$ cat entry.txt   # compact mmCIF, C-alpha atoms and all ligand atoms
# COMPACT_ATOMS: atom_id res chain seq x y z
CA MET A 1 0.00 0.00 0.00
CA ARG A 2 1.07 3.56 -0.60
CA ALA A 3 1.60 5.86 2.40
CA TRP A 4 3.25 9.23 2.94
CA HIS A 5 5.77 9.64 5.76
CA VAL A 6 7.32 12.69 7.39
CA GLN A 7 10.98 12.01 6.64
CA THR A 8 12.54 15.10 8.24
CA PRO A 9 10.21 17.92 9.29
CA GLY A 10 10.82 21.10 7.30
CA PRO A 11 9.22 23.60 4.91
CA VAL A 12 6.90 21.92 2.38
CA THR A 13 8.20 24.30 -0.25
CA GLY A 14 11.83 23.31 -0.60
CA SER A 15 13.06 20.45 1.55
CA ARG A 16 10.47 17.78 0.60
CA PRO A 17 9.76 16.68 4.19
CA LEU A 18 7.09 14.21 3.02
CA ARG A 19 8.00 11.05 1.11
CA LEU A 20 5.66 8.54 -0.51
CA HIS A 21 6.52 4.88 0.10
CA ASP A 22 5.05 1.70 -1.30
CA HIS A 23 4.72 -0.91 1.46
CA ASP A 24 4.36 -4.64 0.88
CA GLU A 25 1.86 -5.08 3.71
CA VAL A 26 -1.16 -3.24 5.04
CA PRO A 27 -1.16 -2.50 8.81
CA ARG A 28 -2.78 -5.06 11.14
CA PRO A 29 -5.55 -3.93 13.51
CA GLY A 30 -4.46 -4.37 17.14
CA PRO A 31 -6.82 -5.36 19.96
CA GLY A 32 -9.87 -3.08 19.92
CA GLU A 33 -8.89 -1.54 16.59
CA LEU A 34 -10.48 -1.32 13.16
CA LEU A 35 -8.58 -1.52 9.91
CA LEU A 36 -9.87 1.12 7.51
CA ARG A 37 -9.46 1.24 3.76
CA VAL A 38 -9.10 4.99 3.29
CA LEU A 39 -11.80 6.44 1.02
CA ALA A 40 -10.93 10.10 1.62
CA CYS A 41 -8.59 12.04 3.93
CA GLY A 42 -8.86 15.76 4.54
CA VAL A 43 -5.80 18.00 4.53
CA CYS A 44 -5.71 20.02 7.73
CA ARG A 45 -3.42 22.84 8.82
CA THR A 46 -2.29 20.61 11.68
CA ASP A 47 -0.84 18.21 9.08
CA LEU A 48 1.21 21.14 7.86
CA HIS A 49 2.41 21.80 11.43
CA VAL A 50 3.36 18.10 11.83
CA THR A 51 5.11 18.04 8.45
CA GLU A 52 7.00 21.29 8.92
CA GLY A 53 7.95 20.63 12.55
CA ASP A 54 5.90 23.42 14.21
CA LEU A 55 4.59 20.55 16.33
CA PRO A 56 7.43 18.48 17.81
CA PRO A 57 7.68 15.02 16.19
CA HIS A 58 6.00 12.32 18.30
CA ARG A 59 6.87 9.40 16.05
CA HIS A 60 9.61 9.26 13.46
CA GLY A 61 8.34 8.83 9.91
CA VAL A 62 4.69 9.25 10.92
CA THR A 63 1.99 9.24 8.25
CA PRO A 64 -0.07 12.46 8.66
CA GLY A 65 -3.81 12.76 8.20
CA HIS A 66 -6.62 12.81 10.76
CA GLU A 67 -9.78 13.54 8.80
CA VAL A 68 -10.23 10.03 7.54
CA VAL A 69 -13.30 8.47 5.98
CA GLY A 70 -12.79 4.76 5.55
CA GLU A 71 -14.45 1.45 4.98
CA VAL A 72 -13.97 -1.07 7.78
CA THR A 73 -12.17 -4.05 6.25
CA GLU A 74 -11.09 -5.94 9.37
CA LEU A 75 -11.73 -5.92 13.12
CA GLY A 76 -9.09 -6.54 15.76
CA ASP A 77 -9.90 -8.67 18.80
CA HIS A 78 -12.69 -7.21 20.93
CA ALA A 79 -13.32 -4.31 18.52
CA ARG A 80 -16.97 -3.37 18.99
CA GLY A 81 -19.54 -1.08 17.42
CA PHE A 82 -18.62 -1.55 13.76
CA ALA A 83 -18.86 -4.35 11.22
CA VAL A 84 -16.82 -5.12 8.12
CA GLY A 85 -18.18 -2.97 5.28
CA ASP A 86 -19.31 -0.07 7.53
CA ARG A 87 -18.21 3.46 6.77
CA ALA A 88 -16.30 4.91 9.74
CA GLY A 89 -14.44 8.12 10.52
CA ALA A 90 -11.09 8.60 12.26
CA ALA A 91 -10.37 12.02 13.77
CA TRP A 92 -7.50 13.77 15.58
CA LEU A 93 -8.18 12.36 19.07
CA ARG A 94 -7.04 8.75 18.81
CA TRP A 95 -6.99 7.53 22.40
CA THR A 96 -7.31 8.71 26.02
CA ASP A 97 -6.70 6.83 29.28
CA ASN A 98 -10.29 7.27 30.59
CA THR A 99 -8.94 7.34 34.15
CA CYS A 100 -7.29 10.73 34.76
CA ALA A 101 -9.02 13.68 36.45
CA TYR A 102 -9.73 15.34 33.07
CA CYS A 103 -11.23 12.23 31.49
CA ARG A 104 -13.39 11.68 34.58
CA ARG A 105 -14.82 15.22 34.35
CA ASP A 106 -15.73 14.91 30.64
CA ALA A 107 -12.66 16.85 29.48
CA GLU A 108 -10.90 14.00 27.71
CA ASN A 109 -9.56 16.56 25.22
CA LEU A 110 -7.18 17.60 28.04
CA CYS A 111 -6.05 14.07 28.91
CA PRO A 112 -2.24 14.23 29.40
CA ALA A 113 -1.92 10.66 28.11
CA SER A 114 -3.99 11.28 24.96
CA THR A 115 -2.62 10.25 21.58
CA TYR A 116 -3.38 11.69 18.16
CA THR A 117 -4.01 10.33 14.70
CA GLY A 118 -1.30 11.32 12.24
CA TRP A 119 1.05 12.47 15.03
CA ASP A 120 1.46 9.61 17.54
CA ALA A 121 0.10 6.96 15.17
CA ASP A 122 -0.04 6.70 11.40
CA GLY A 123 -2.91 8.58 9.80
CA GLY A 124 -4.82 8.74 6.56
CA TYR A 125 -2.30 9.96 3.96
CA ALA A 126 -2.27 6.30 2.99
CA GLU A 127 -4.43 3.57 1.50
CA TYR A 128 -5.02 1.84 4.86
CA MET A 129 -4.81 2.80 8.54
CA THR A 130 -5.98 1.56 11.94
CA VAL A 131 -8.16 3.33 14.50
CA PRO A 132 -9.36 2.23 17.96
CA ALA A 133 -13.04 1.36 17.51
CA ALA A 134 -13.99 3.30 20.65
CA TYR A 135 -12.61 6.48 19.03
CA ALA A 136 -14.00 5.90 15.52
CA HIS A 137 -17.05 7.87 14.47
CA ARG A 138 -20.33 6.98 12.81
CA LEU A 139 -20.82 9.27 9.84
CA PRO A 140 -23.97 11.17 8.86
CA PRO A 141 -25.84 10.10 5.70
CA GLY A 142 -26.31 12.47 2.77
CA TYR A 143 -22.66 13.35 2.22
CA ALA A 144 -20.06 12.09 -0.25
CA ASP A 145 -16.88 10.58 1.24
CA ALA A 146 -14.87 13.66 0.25
CA GLU A 147 -17.43 15.97 1.89
CA LEU A 148 -17.35 13.99 5.15
CA ALA A 149 -13.57 14.16 5.56
CA PRO A 150 -13.31 17.87 6.49
CA LEU A 151 -16.14 17.46 9.00
CA LEU A 152 -13.90 15.16 11.07
CA CYS A 153 -11.45 17.83 12.22
CA ALA A 154 -12.19 21.15 10.60
CA GLY A 155 -15.86 20.65 11.41
CA ILE A 156 -15.53 19.23 14.92
CA ILE A 157 -12.85 21.70 16.06
CA GLY A 158 -14.75 24.61 14.53
CA TYR A 159 -17.81 23.44 16.44
CA ARG A 160 -15.89 23.25 19.72
CA ALA A 161 -14.40 26.70 19.06
CA LEU A 162 -17.91 28.04 18.51
CA GLN A 163 -19.12 26.43 21.75
CA ARG A 164 -16.10 27.86 23.61
CA ALA A 165 -16.92 31.34 22.21
CA GLU A 166 -20.29 31.20 24.05
CA LEU A 167 -22.13 33.12 21.37
CA PRO A 168 -25.51 34.20 22.78
CA ALA A 169 -28.67 33.33 20.82
CA GLY A 170 -29.00 35.69 17.83
CA GLY A 171 -25.59 37.15 18.70
CA ARG A 172 -22.92 38.84 16.59
CA LEU A 173 -19.96 36.59 15.75
CA GLY A 174 -16.65 37.62 14.22
CA ILE A 175 -14.64 34.99 12.33
CA TYR A 176 -10.96 35.74 11.70
CA GLY A 177 -9.54 33.60 8.91
CA PHE A 178 -11.88 31.66 6.66
CA GLY A 179 -10.55 28.23 5.68
CA GLY A 180 -11.89 24.70 6.06
CA SER A 181 -12.83 24.94 9.73
CA ALA A 182 -14.22 28.48 9.63
CA HIS A 183 -16.55 27.90 6.70
CA LEU A 184 -18.23 25.04 8.60
CA ALA A 185 -18.45 26.87 11.96
CA ALA A 186 -19.95 29.86 10.14
CA GLN A 187 -22.75 27.68 8.79
CA VAL A 188 -23.53 26.27 12.24
CA ALA A 189 -23.66 29.82 13.68
CA LEU A 190 -25.85 31.06 10.80
CA ALA A 191 -28.19 28.08 11.22
CA ARG A 192 -28.57 29.13 14.87
CA GLY A 193 -29.56 32.67 13.84
CA ALA A 194 -26.26 34.48 14.43
CA THR A 195 -25.03 37.52 12.51
CA VAL A 196 -21.62 36.56 11.15
CA HIS A 197 -18.84 38.98 10.21
CA VAL A 198 -15.86 37.45 8.40
CA LEU A 199 -12.42 39.04 8.47
CA THR A 200 -9.89 37.36 6.22
CA ARG A 201 -7.29 37.90 3.55
CA GLY A 202 -7.80 36.30 0.15
CA GLU A 203 -10.51 37.17 -2.34
CA GLN A 204 -11.64 33.53 -2.82
CA ALA A 205 -12.28 33.10 0.90
CA ARG A 206 -14.18 36.39 1.01
CA ARG A 207 -16.35 35.33 -1.92
CA LEU A 208 -17.18 32.04 -0.16
CA ALA A 209 -18.05 33.93 3.05
CA ARG A 210 -20.47 36.16 1.13
CA GLU A 211 -22.07 33.16 -0.61
CA LEU A 212 -22.65 31.42 2.72
CA GLY A 213 -24.43 34.45 4.14
CA ALA A 214 -21.90 36.54 6.07
CA ALA A 215 -23.34 39.95 6.98
CA SER A 216 -20.02 41.63 6.23
CA VAL A 217 -16.65 40.59 4.87
CA GLY A 218 -13.45 42.53 5.53
CA ASP A 219 -9.68 42.22 5.58
CA ALA A 220 -8.05 40.22 8.39
CA ALA A 221 -7.10 43.19 10.61
CA ASP A 222 -10.15 45.36 9.76
CA SER A 223 -12.72 46.37 12.37
CA PRO A 224 -16.10 44.68 11.90
CA PRO A 225 -19.03 47.10 11.36
CA GLU A 226 -20.48 46.48 14.83
CA PRO A 227 -19.18 45.23 18.21
CA LEU A 228 -18.99 41.44 18.54
CA ASP A 229 -20.53 39.23 21.23
CA ALA A 230 -18.03 36.53 20.36
CA ALA A 231 -15.17 35.92 17.98
CA ILE A 232 -13.18 32.93 16.78
CA LEU A 233 -9.61 33.23 15.57
CA PHE A 234 -8.95 30.54 12.96
CA ALA A 235 -5.89 32.14 11.32
CA PRO A 236 -2.69 30.99 13.12
CA VAL A 237 -1.62 34.61 13.48
CA GLY A 238 -1.03 35.94 17.00
CA ASP A 239 -1.06 39.56 15.75
CA LEU A 240 -4.80 39.19 15.06
CA VAL A 241 -5.59 38.54 18.73
CA LEU A 242 -5.37 42.30 19.36
CA PRO A 243 -7.89 43.55 16.74
CA ALA A 244 -10.17 40.60 17.57
CA LEU A 245 -10.20 41.45 21.29
CA ALA A 246 -10.62 45.16 20.50
CA ALA A 247 -13.67 44.31 18.37
CA LEU A 248 -15.45 42.51 21.26
CA ASP A 249 -18.36 44.14 23.01
CA ARG A 250 -18.43 44.16 26.84
CA GLY A 251 -18.39 40.60 28.15
CA GLY A 252 -17.45 39.16 24.78
CA THR A 253 -15.30 36.07 24.31
CA LEU A 254 -12.54 35.37 21.80
CA SER A 255 -11.77 31.71 21.25
CA ILE A 256 -8.59 30.68 19.48
CA ALA A 257 -9.21 27.59 17.38
CA GLY A 258 -5.71 26.66 16.25
CA ILE A 259 -3.27 24.19 17.76
CA HIS A 260 -0.43 26.54 16.81
CA LEU A 261 -0.31 30.34 16.95
CA THR A 262 2.50 32.80 16.30
CA ASP A 263 3.38 34.97 19.30
CA ILE A 264 0.72 37.33 20.61
CA PRO A 265 2.01 40.93 20.90
CA PRO A 266 1.67 42.68 24.30
CA LEU A 267 -1.95 43.37 25.24
CA ASN A 268 -3.20 46.66 26.59
CA TYR A 269 -5.49 45.91 29.49
CA HIS A 270 -8.04 48.63 28.71
CA ALA A 271 -8.04 48.24 24.93
CA HIS A 272 -8.12 44.45 24.88
CA LEU A 273 -9.37 42.82 28.10
CA PHE A 274 -11.16 45.16 30.51
CA GLN A 275 -15.00 45.07 30.58
CA GLU A 276 -14.79 41.32 31.20
CA ARG A 277 -13.70 40.32 27.76
CA GLN A 278 -12.32 36.78 27.73
CA LEU A 279 -9.60 35.07 25.76
CA ARG A 280 -9.80 31.28 25.45
CA SER A 281 -7.92 28.54 23.70
CA VAL A 282 -9.40 25.42 22.18
CA THR A 283 -7.59 22.14 22.67
CA SER A 284 -8.56 19.20 20.48
CA ASN A 285 -12.09 17.94 21.08
CA THR A 286 -13.97 15.35 23.04
CA ARG A 287 -15.87 12.46 21.47
CA ALA A 288 -19.02 14.17 22.74
CA ASP A 289 -18.18 17.25 20.62
CA ALA A 290 -17.80 14.97 17.61
CA ARG A 291 -21.13 13.22 18.24
CA GLU A 292 -22.95 16.55 18.70
CA PHE A 293 -21.43 18.07 15.59
CA LEU A 294 -21.91 15.01 13.36
CA GLY A 295 -25.51 14.77 14.64
CA LEU A 296 -26.05 18.39 13.71
CA ALA A 297 -24.55 17.73 10.26
CA ALA A 298 -27.04 14.87 9.82
CA ARG A 299 -29.99 17.18 10.56
CA HIS A 300 -28.70 20.29 8.78
CA LYS A 301 -26.93 19.68 5.45
CA LEU A 302 -23.70 21.66 5.52
CA ALA A 303 -22.22 22.97 2.29
CA VAL A 304 -18.69 21.57 2.28
CA THR A 305 -16.36 23.16 -0.25
CA VAL A 306 -13.95 20.42 -1.27
CA HIS A 307 -10.87 20.41 -3.50
CA PRO A 308 -9.94 16.81 -4.34
CA TYR A 309 -6.30 15.84 -4.87
CA PRO A 310 -5.03 12.35 -5.71
CA LEU A 311 -3.22 10.69 -2.78
CA ASP A 312 0.05 11.00 -4.73
CA ALA A 313 -0.28 14.80 -4.63
CA ALA A 314 -0.38 15.18 -0.81
CA ASP A 315 2.77 17.32 -0.83
CA ARG A 316 1.24 19.66 -3.41
CA ALA A 317 -2.00 19.87 -1.41
CA LEU A 318 -0.05 20.94 1.70
CA ALA A 319 1.93 23.52 -0.28
CA ASP A 320 -1.33 24.89 -1.72
CA LEU A 321 -2.83 25.03 1.78
CA LYS A 322 0.18 26.94 3.05
CA ALA A 323 0.00 29.40 0.16
CA GLY A 324 -3.77 29.86 0.58
CA ARG A 325 -4.37 28.75 -3.00
CA PHE A 326 -7.87 27.34 -2.39
CA ASP A 327 -10.93 28.11 -0.31
CA GLY A 328 -12.71 25.42 1.74
CA ALA A 329 -10.86 22.14 2.29
CA ALA A 330 -8.46 19.96 0.31
CA VAL A 331 -9.19 16.21 0.39
CA LEU A 332 -6.90 13.36 -0.70
CA ILE A 333 -8.54 10.55 -2.60
CA PRO A 334 -6.51 7.30 -2.80
ZN ZN B 401 -7.25 10.98 30.72
ZN ZN B 402 -7.09 18.91 11.91
$ encode --input "entry.txt" --output "structure tokens" --more "lines below"
Ligand SMILES: [Zn+2]
Ligand SMILES: [Zn+2]
Amino acid sequence: MRAWHVQTPGPVTGSRPLRLHDHDEVPRPGPGELLLRVLACGVCRTDLHVTEGDLPPHRHGVTPGHEVVGEVTELGDHARGFAVGDRAGAAWLRWTDNTCAYCRRDAENLCPASTYTGWDADGGYAEYMTVPAAYAHRLPPGYADAELAPLLCAGIIGYRALQRAELPAGGRLGIYGFGGSAHLAAQVALARGATVHVLTRGEQARRLARELGAASVGDAADSPPEPLDAAILFAPVGDLVLPALAALDRGGTLSIAGIHLTDIPPLNYHAHLFQERQLRSVTSNTRADAREFLGLAARHKLAVTVHPYPLDAADRALADLKAGRFDGAAVLIP
């Protein structure tokens, strides 16, 4: 089977950190695991961070990819909940210990022992991969494989970021950066009756924001036309924390969706935080977030903008993501 591996982390434009190998064998599902034949794998910014070394390597030569739609082809011992032939999803959160204080208080996203697909274990930039059955997801009907893939990280994380932003009913939401995750979170907010202001660079992304129903669309560091009850920062740009906080109304919350952010410049207490504005990070997601979001996607058809690439072009897809050459989400199709 073909699989991409992170040889030596480095810039995707230049050092060719990713290499495609042809393996004689497919992986074997361990106890409690499913073997998936990959049908589609989304290309997420986190894959770029793993490939370029912004995230420290957890496993040498790891195969990236954690938005995986697959067909179950084999079950390991004691793997429950799925049958051969089922469609199943693998997402970023691969495993937690279920015993620590965080797991016990329904915050398994904070589990210090947690492991991640495409970082600690091989992911979906391949023809086959394994996933623990207890962390695999049932997928909503009514979507093509390629449309489902971005829901599994971009969608779930965007949903958690929206929940963490505590947008009041009918509230005003600012979205900074408008890629794969943002365009899904925006639709959830709009479906709930929010007014959505999108602030992003890139004309394609702005056009998509307008098509989806954003009330206003501006440049990344612009001020939105009205104060915001909540904002989500999707762009991995620490500089944008300041204008996003400044745009919040009294009591507003800014949630930062990314796993990686460039440094945040010094804040001015009065301009950026006073009046009980809050700044929050978002760390991974729980399985409950995934179930809620995928349930919502089953009831409310989300428009998923997908750019398919053949599996062999994973390196090009990552370079295009880095350069902002497409709107919506890139998806690898083996
Ligand atoms: Zn735990
Ligand atoms: Zn991701």
$ closest_residue --input "entry.txt" --among "A:Cys41, A:Val62, A:Ala165, A:Ala133" --to "Pro17 of chain A" --atoms "all atoms listed in the file"
A:Val62
$ residues_near_point --input "entry.txt" --point "(-15.9, 20.9, 24.8)" --cutoff "12 Å" --atoms "all atoms listed in the file" --output "VMD selection string"
chain A and resid 102 to 103 105 to 110 156 to 166 281 to 293
$ write_last_selection --input "entry.txt" --atoms "C-alpha atoms" --output "PDB file, in the frame of the given file"
ATOM      1  CA  TYR A 102      -9.730  15.340  33.070  1.00  0.00           C
ATOM      2  CA  CYS A 103     -11.230  12.230  31.490  1.00  0.00           C
ATOM      3  CA  ARG A 105     -14.820  15.220  34.350  1.00  0.00           C
ATOM      4  CA  ASP A 106     -15.730  14.910  30.640  1.00  0.00           C
ATOM      5  CA  ALA A 107     -12.660  16.850  29.480  1.00  0.00           C
ATOM      6  CA  GLU A 108     -10.900  14.000  27.710  1.00  0.00           C
ATOM      7  CA  ASN A 109      -9.560  16.560  25.220  1.00  0.00           C
ATOM      8  CA  LEU A 110      -7.180  17.600  28.040  1.00  0.00           C
ATOM      9  CA  ILE A 156     -15.530  19.230  14.920  1.00  0.00           C
ATOM     10  CA  ILE A 157     -12.850  21.700  16.060  1.00  0.00           C
ATOM     11  CA  GLY A 158     -14.750  24.610  14.530  1.00  0.00           C
ATOM     12  CA  TYR A 159     -17.810  23.440  16.440  1.00  0.00           C
ATOM     13  CA  ARG A 160     -15.890  23.250  19.720  1.00  0.00           C
ATOM     14  CA  ALA A 161     -14.400  26.700  19.060  1.00  0.00           C
ATOM     15  CA  LEU A 162     -17.910  28.040  18.510  1.00  0.00           C
ATOM     16  CA  GLN A 163     -19.120  26.430  21.750  1.00  0.00           C
ATOM     17  CA  ARG A 164     -16.100  27.860  23.610  1.00  0.00           C
ATOM     18  CA  ALA A 165     -16.920  31.340  22.210  1.00  0.00           C
ATOM     19  CA  GLU A 166     -20.290  31.200  24.050  1.00  0.00           C
ATOM     20  CA  SER A 281      -7.920  28.540  23.700  1.00  0.00           C
ATOM     21  CA  VAL A 282      -9.400  25.420  22.180  1.00  0.00           C
ATOM     22  CA  THR A 283      -7.590  22.140  22.670  1.00  0.00           C
ATOM     23  CA  SER A 284      -8.560  19.200  20.480  1.00  0.00           C
ATOM     24  CA  ASN A 285     -12.090  17.940  21.080  1.00  0.00           C
ATOM     25  CA  THR A 286     -13.970  15.350  23.040  1.00  0.00           C
ATOM     26  CA  ARG A 287     -15.870  12.460  21.470  1.00  0.00           C
ATOM     27  CA  ALA A 288     -19.020  14.170  22.740  1.00  0.00           C
ATOM     28  CA  ASP A 289     -18.180  17.250  20.620  1.00  0.00           C
ATOM     29  CA  ALA A 290     -17.800  14.970  17.610  1.00  0.00           C
ATOM     30  CA  ARG A 291     -21.130  13.220  18.240  1.00  0.00           C
ATOM     31  CA  GLU A 292     -22.950  16.550  18.700  1.00  0.00           C
ATOM     32  CA  PHE A 293     -21.430  18.070  15.590  1.00  0.00           C
TER      33      PHE A 293
END
$ residues_near_ligand --input "entry.txt" --ligand "ligand ZN 402 (chain B)" --cutoff "7 Å" --atoms "only C-alpha atoms and all ligand atoms" --output "ChimeraX atom specification"
/A:44-47,66-67,92,153-154
$ residues_near_ligand --input "entry.txt" --ligand "ligand ZN 401 (chain B)" --cutoff "7 Å" --atoms "all atoms listed in the file" --output "list of chain:residue names"
A:Thr96, A:Asp97, A:Asn98, A:Thr99, A:Cys100, A:Ala101, A:Tyr102, A:Cys103, A:Glu108, A:Cys111, A:Pro112, A:Ala113, A:Ser114
$ atom_distance --input "entry.txt" --atom1 "atom CA of Thr63 of chain A" --atom2 "atom CA of Phe234 of chain A"
24.4 Å
$ closest_residue --input "entry.txt" --among "A:Pro236, A:Gly258, A:Gly124, A:Gly251" --to "Pro168 of chain A" --atoms "only C-alpha atoms"
A:Gly251
$ residues_around --input "entry.txt" --residues "Asp22 of chain A" --least-positions-apart "6" --cutoff "12 Å" --atoms "only C-alpha atoms" --output "ChimeraX atom specification"
/A:1-5,126-128,312
$ closest_residue --input "entry.txt" --among "A:Leu294, A:Ala134, A:Ala189, A:Leu273" --to "Arg80 of chain A" --atoms "all atoms listed in the file"
A:Ala134
$ closest_residue --input "entry.txt" --among "A:Leu152, A:Ala205, A:Leu245, A:Ala231" --to "Arg325 of chain A" --atoms "only C-alpha atoms"
A:Ala205
$ atom_distance --input "entry.txt" --atom1 "atom CA of Thr51 of chain A" --atom2 "atom CA of Ala317 of chain A"
12.3 Å
$ closest_residue --input "entry.txt" --among "A:Gly118, A:Pro29, A:Gly76, A:Pro140" --to "Arg59 of chain A" --atoms "only C-alpha atoms"
A:Gly118
$ residues_around --input "entry.txt" --residues "Pro266 of chain A" --least-positions-apart "5" --cutoff "12 Å" --atoms "only C-alpha atoms" --output "list in words"
Gly238, Asp239, Leu240, Val241, Leu242, Ala271, His272 and Leu273 of chain A
$ residues_around --input "entry.txt" --residues "Val331 of chain A" --least-positions-apart "5" --cutoff "7 Å" --atoms "only C-alpha atoms" --output "number ranges by chain"
A: 40-43, 146, 306-309
$ decode --input "entry.txt" --residues "segment 89-96 of chain A" --atoms "all heavy atoms" --output "tab-separated table (two decimals), in the first residue's frame"
chain	number	residue	atom	x	y	z
A	89	GLY	N	-15.33	6.96	10.55
A	89	GLY	CA	-14.44	8.12	10.52
A	89	GLY	C	-13.38	8.03	11.59
A	89	GLY	O	-13.63	7.55	12.70
A	90	ALA	N	-12.16	8.46	11.27
A	90	ALA	CA	-11.09	8.60	12.26
A	90	ALA	C	-10.74	10.08	12.34
A	90	ALA	O	-10.58	10.74	11.31
A	90	ALA	CB	-9.87	7.78	11.87
A	91	ALA	N	-10.63	10.59	13.56
A	91	ALA	CA	-10.37	12.02	13.77
A	91	ALA	C	-9.08	12.20	14.56
A	91	ALA	O	-8.34	11.24	14.80
A	91	ALA	CB	-11.56	12.66	14.48
A	92	TRP	N	-8.78	13.42	14.95
A	92	TRP	CA	-7.50	13.77	15.58
A	92	TRP	C	-7.31	13.02	16.90
A	92	TRP	O	-6.28	12.39	17.13
A	92	TRP	CB	-7.48	15.29	15.76
A	92	TRP	CG	-6.31	15.92	16.44
A	92	TRP	CD1	-6.37	16.73	17.53
A	92	TRP	CD2	-4.93	15.88	16.05
A	92	TRP	NE1	-5.12	17.19	17.84
A	92	TRP	CE2	-4.21	16.68	16.97
A	92	TRP	CE3	-4.21	15.24	15.04
A	92	TRP	CZ2	-2.82	16.86	16.89
A	92	TRP	CZ3	-2.84	15.41	14.97
A	92	TRP	CH2	-2.16	16.21	15.88
A	93	LEU	N	-8.32	13.04	17.78
A	93	LEU	CA	-8.18	12.36	19.07
A	93	LEU	C	-8.23	10.85	18.85
A	93	LEU	O	-9.25	10.31	18.46
A	93	LEU	CB	-9.31	12.80	20.02
A	93	LEU	CG	-9.22	12.27	21.45
A	93	LEU	CD1	-8.08	12.96	22.21
A	93	LEU	CD2	-10.54	12.47	22.19
A	94	ARG	N	-7.13	10.18	19.11
A	94	ARG	CA	-7.04	8.75	18.81
A	94	ARG	C	-7.29	7.87	20.04
A	94	ARG	O	-7.84	6.78	19.96
A	94	ARG	CB	-5.66	8.41	18.24
A	94	ARG	CG	-5.47	6.94	17.93
A	94	ARG	CD	-4.10	6.64	17.37
A	94	ARG	NE	-3.83	5.21	17.42
A	94	ARG	CZ	-4.14	4.35	16.47
A	94	ARG	NH1	-4.73	4.78	15.37
A	94	ARG	NH2	-3.87	3.08	16.60
A	95	TRP	N	-6.88	8.35	21.20
A	95	TRP	CA	-6.99	7.53	22.40
A	95	TRP	C	-6.81	8.41	23.63
A	95	TRP	O	-6.06	9.38	23.61
A	95	TRP	CB	-5.90	6.45	22.38
A	95	TRP	CG	-5.92	5.53	23.56
A	95	TRP	CD1	-6.69	4.41	23.71
A	95	TRP	CD2	-5.14	5.66	24.77
A	95	TRP	NE1	-6.43	3.85	24.94
A	95	TRP	CE2	-5.50	4.59	25.60
A	95	TRP	CE3	-4.19	6.60	25.21
A	95	TRP	CZ2	-4.92	4.42	26.87
A	95	TRP	CZ3	-3.63	6.42	26.47
A	95	TRP	CH2	-4.00	5.34	27.28
A	96	THR	N	-7.52	8.08	24.71
A	96	THR	CA	-7.31	8.71	26.02
A	96	THR	C	-7.31	7.60	27.07
A	96	THR	O	-7.78	6.49	26.80
A	96	THR	CB	-8.42	9.72	26.36
A	96	THR	OG1	-9.69	9.06	26.31
A	96	THR	CG2	-8.44	10.89	25.38
